[in-house]
Amino acid sequence: MVEWKIVFLDAVNQFIPILKQHIPFFIFGFLVLCVSNPHLYSQETDNLRLNDVRVLASHNSYKKKPNPKVLKFLSKVKNKIGPENDPIQLEYGHELLSTQLNDFNIRGFELDVYYDPLGGKFSKRKINSFVCGLRTKSKEVGLKSPGFKILHIADIDYETNYVTLESALAELGSWSQNNPMHCPIFVNIEVKATSPGDLSKILRNLGFKRATKFTENTFHLLDSIIESNFSTDQLFTPVDMKENNASLRARINNEGWPLYDDCRGKIFFVLEGDNIDLYKNKDERPLFVYGAKEDVNVIFLLRNDPINNEKEINALTAQYIVRTRSDAGTLEARKNDYTRFFAALTSNAQIISTDYYKADPSIGKFVIRLGEEFILRAH
């Protein structure tokens with residue numbers, strides 16, 4: 001029973017390029033939802049490796065939609081603040097992590113982390129100084145203490161479900177403990193060491209603050225926060241992966257990825273962003289690192305544009321776990337355009353990240369769904 005269902009899923013993957021050319025988007029989307037439903041195949045996964053299974057992830061998983069007044073102001077000055085602050089591309093938000101896990105089968109997350117060594121660095125939302133009717137100073141108690149803060153763009157796109165890294169990790173850790181046989185969860189920690197205040201002298205003169213750079217000590221503090229919020233039974237670390245091999249790449253070459261069933265209930269943290277060279281190639285750290293395939297201690301890769309990297313991703317997934325995106329900056333959602341999602345599917349990337357695991361009625365019907373587990377290949 002298991003074998004024919006796996007073969008069926010593999011066959012669907014093979015015919016996706018043909019299907020998407022000859023049937024309407026809505027029918028194709030229905031087929032994708034059906035074959036990715038975890039109830040369509042047995043949970044017996046004895047021969048599967050971790051890189052054989054695909055999960056759906058959310059992008060900037062903590063984020064709330066910006067205040068409409070802020071978006072309206074940003075639309076007036078977008079030519080002066082750069083394309084990364086285009087209000088069109090900032091207008092999305094997410095449910096709580098536990099809701100994403102329970103209701104939408106999300107098994108990958110992204111947390112943007114700034115460091116606030118003294119506390120209070122992000123208590124003032126400077127953009128609000130230019131918007132009538134909004135407070136500049138936040139009442140969030142968590143912003144007053146030193147530590148790691150979660151937000152998208154300092155002083156501009158600050159609305160978040162989790163002010164501190166600890167609060168997000170606590171919710172994730174609690175859910176994992178309550179669901180000990182869950183599909184492996186992948187958490188991107190994106191280090192943010194630049195802000196609008198770093199990029200513009202004019203903005204600095206207006207009170208926009210520079211971000212705090214991450215140092216080796218900052219990364220060690222980040223390690224301690226991760227380790228203090230999860231038990232050793234919950235974390236799957238580079239040390240666990242490497243075992244007795246010389247490097248992570250040697251582990252994959254010599255033994256392959258660990259068995260999928262051995263990774264149930266585990267959480268993988270993967271680091272990206274600014275200054276992560278200070279973290280690379282250090283022994284006994286709890287976080288993996290996104291990097292270049294030439295690095296012997298990199299086994300997770302970012303290929304966020306599946307349309308232009310589809311064939312490359314396909315070739316990489318036998319040895320690496322690759323994260324890509326089905327949509328970005330609300331652009332596909334506004335056009336109801338599934339081209340990028342189709343490319344992500346046919347690329348066989350194991351982690352597909354989206355802002356639209358549920359539709360946003362203010363934009364349209366665009367939605368990306370998978371079951372909790374989606375088998376990519378069988379051995």
# chains A, B, ... in the order shown; residues from 1 in each chain; ligands from 1
>>> select_by_dssp(residues="segment 70-226 of chain A", states="alpha helix (DSSP H)", output="MDAnalysis selection string")
chainID A and resid 70:81 87:90 97:104 165:178 196:199 201:205 216:226
>>> residues_around(residues="Ala57 of chain A", least_positions_apart="2", cutoff="12 Å", atoms="only C-alpha atoms", output="ChimeraX atom specification")
/A:54-55,59-61,94,97,100-101,104-111,184-188,323-327,349-357,368-373
>>> write_last_selection(atoms="C-alpha atoms", output="PDB file, in the first residue's frame")
ATOM      1  CA  ARG A  54       8.843  18.455   1.564  1.00  0.00           C
ATOM      2  CA  VAL A  55       7.291  20.890   4.046  1.00  0.00           C
ATOM      3  CA  HIS A  59       8.023  33.716   5.335  1.00  0.00           C
ATOM      4  CA  ASN A  60       8.679  36.299   8.087  1.00  0.00           C
ATOM      5  CA  SER A  61       6.472  34.100  10.215  1.00  0.00           C
ATOM      6  CA  HIS A  94       0.692  35.999   9.797  1.00  0.00           C
ATOM      7  CA  LEU A  97       3.089  30.197  15.239  1.00  0.00           C
ATOM      8  CA  GLN A 100       0.146  28.064  11.722  1.00  0.00           C
ATOM      9  CA  LEU A 101       1.244  24.682  13.073  1.00  0.00           C
ATOM     10  CA  PHE A 104      -2.231  25.168   8.244  1.00  0.00           C
ATOM     11  CA  ASN A 105       0.406  22.405   8.569  1.00  0.00           C
ATOM     12  CA  ILE A 106       3.247  24.926   8.530  1.00  0.00           C
ATOM     13  CA  ARG A 107       6.491  23.173   9.422  1.00  0.00           C
ATOM     14  CA  GLY A 108       9.011  25.866   8.575  1.00  0.00           C
ATOM     15  CA  PHE A 109       9.400  29.348  10.025  1.00  0.00           C
ATOM     16  CA  GLU A 110      11.497  32.470   9.591  1.00  0.00           C
ATOM     17  CA  LEU A 111      12.344  34.800  12.480  1.00  0.00           C
ATOM     18  CA  PRO A 184      10.599  17.891  11.599  1.00  0.00           C
ATOM     19  CA  ILE A 185      10.404  21.671  11.869  1.00  0.00           C
ATOM     20  CA  PHE A 186      12.891  24.020  10.188  1.00  0.00           C
ATOM     21  CA  VAL A 187      13.397  27.477  11.684  1.00  0.00           C
ATOM     22  CA  ASN A 188      15.372  30.138   9.823  1.00  0.00           C
ATOM     23  CA  ARG A 323      14.601  26.333   0.711  1.00  0.00           C
ATOM     24  CA  THR A 324      12.754  28.281  -1.979  1.00  0.00           C
ATOM     25  CA  ARG A 325       9.764  30.634  -2.155  1.00  0.00           C
ATOM     26  CA  SER A 326       6.412  30.265  -3.891  1.00  0.00           C
ATOM     27  CA  ASP A 327       5.664  33.992  -3.719  1.00  0.00           C
ATOM     28  CA  ALA A 349      12.916  21.905  -3.104  1.00  0.00           C
ATOM     29  CA  GLN A 350      12.221  20.464   0.328  1.00  0.00           C
ATOM     30  CA  ILE A 351      11.136  23.727   1.996  1.00  0.00           C
ATOM     31  CA  ILE A 352       8.659  25.975   0.169  1.00  0.00           C
ATOM     32  CA  SER A 353       8.082  29.297   1.895  1.00  0.00           C
ATOM     33  CA  THR A 354       4.935  31.406   1.442  1.00  0.00           C
ATOM     34  CA  ASP A 355       3.065  34.382   2.871  1.00  0.00           C
ATOM     35  CA  TYR A 356      -0.247  32.849   1.797  1.00  0.00           C
ATOM     36  CA  TYR A 357      -0.981  29.544   3.493  1.00  0.00           C
ATOM     37  CA  ILE A 368      -0.540  27.941  -1.151  1.00  0.00           C
ATOM     38  CA  ARG A 369      -1.275  24.672   0.627  1.00  0.00           C
ATOM     39  CA  LEU A 370       0.461  21.349   1.218  1.00  0.00           C
ATOM     40  CA  GLY A 371      -0.186  18.576   3.670  1.00  0.00           C
ATOM     41  CA  GLU A 372       2.066  18.176   6.698  1.00  0.00           C
ATOM     42  CA  GLU A 373       4.316  15.816   4.757  1.00  0.00           C
TER      43      GLU A 373
END
>>> residues_around(residues="segment 344-347 of chain A", least_positions_apart="4", cutoff="10 Å", atoms="only C-alpha atoms", output="MDAnalysis selection string")
chainID A and resid 12:17 32 54 303:307 309:317 322:327 338:340 351:353 376
>>> atom_distance(atom1="atom CA of Glu284 of chain A", atom2="atom CA of Val239 of chain A")
5.8 Å
>>> residues_around(residues="segment 170-177 of chain A", least_positions_apart="3", cutoff="7 Å", atoms="only C-alpha atoms", output="count of residues only")
8
>>> closest_residue(among="A:Asp46, A:Ser58, A:Ser224, A:Lys64", to="Cys263 of chain A", atoms="only C-alpha atoms")
A:Asp46
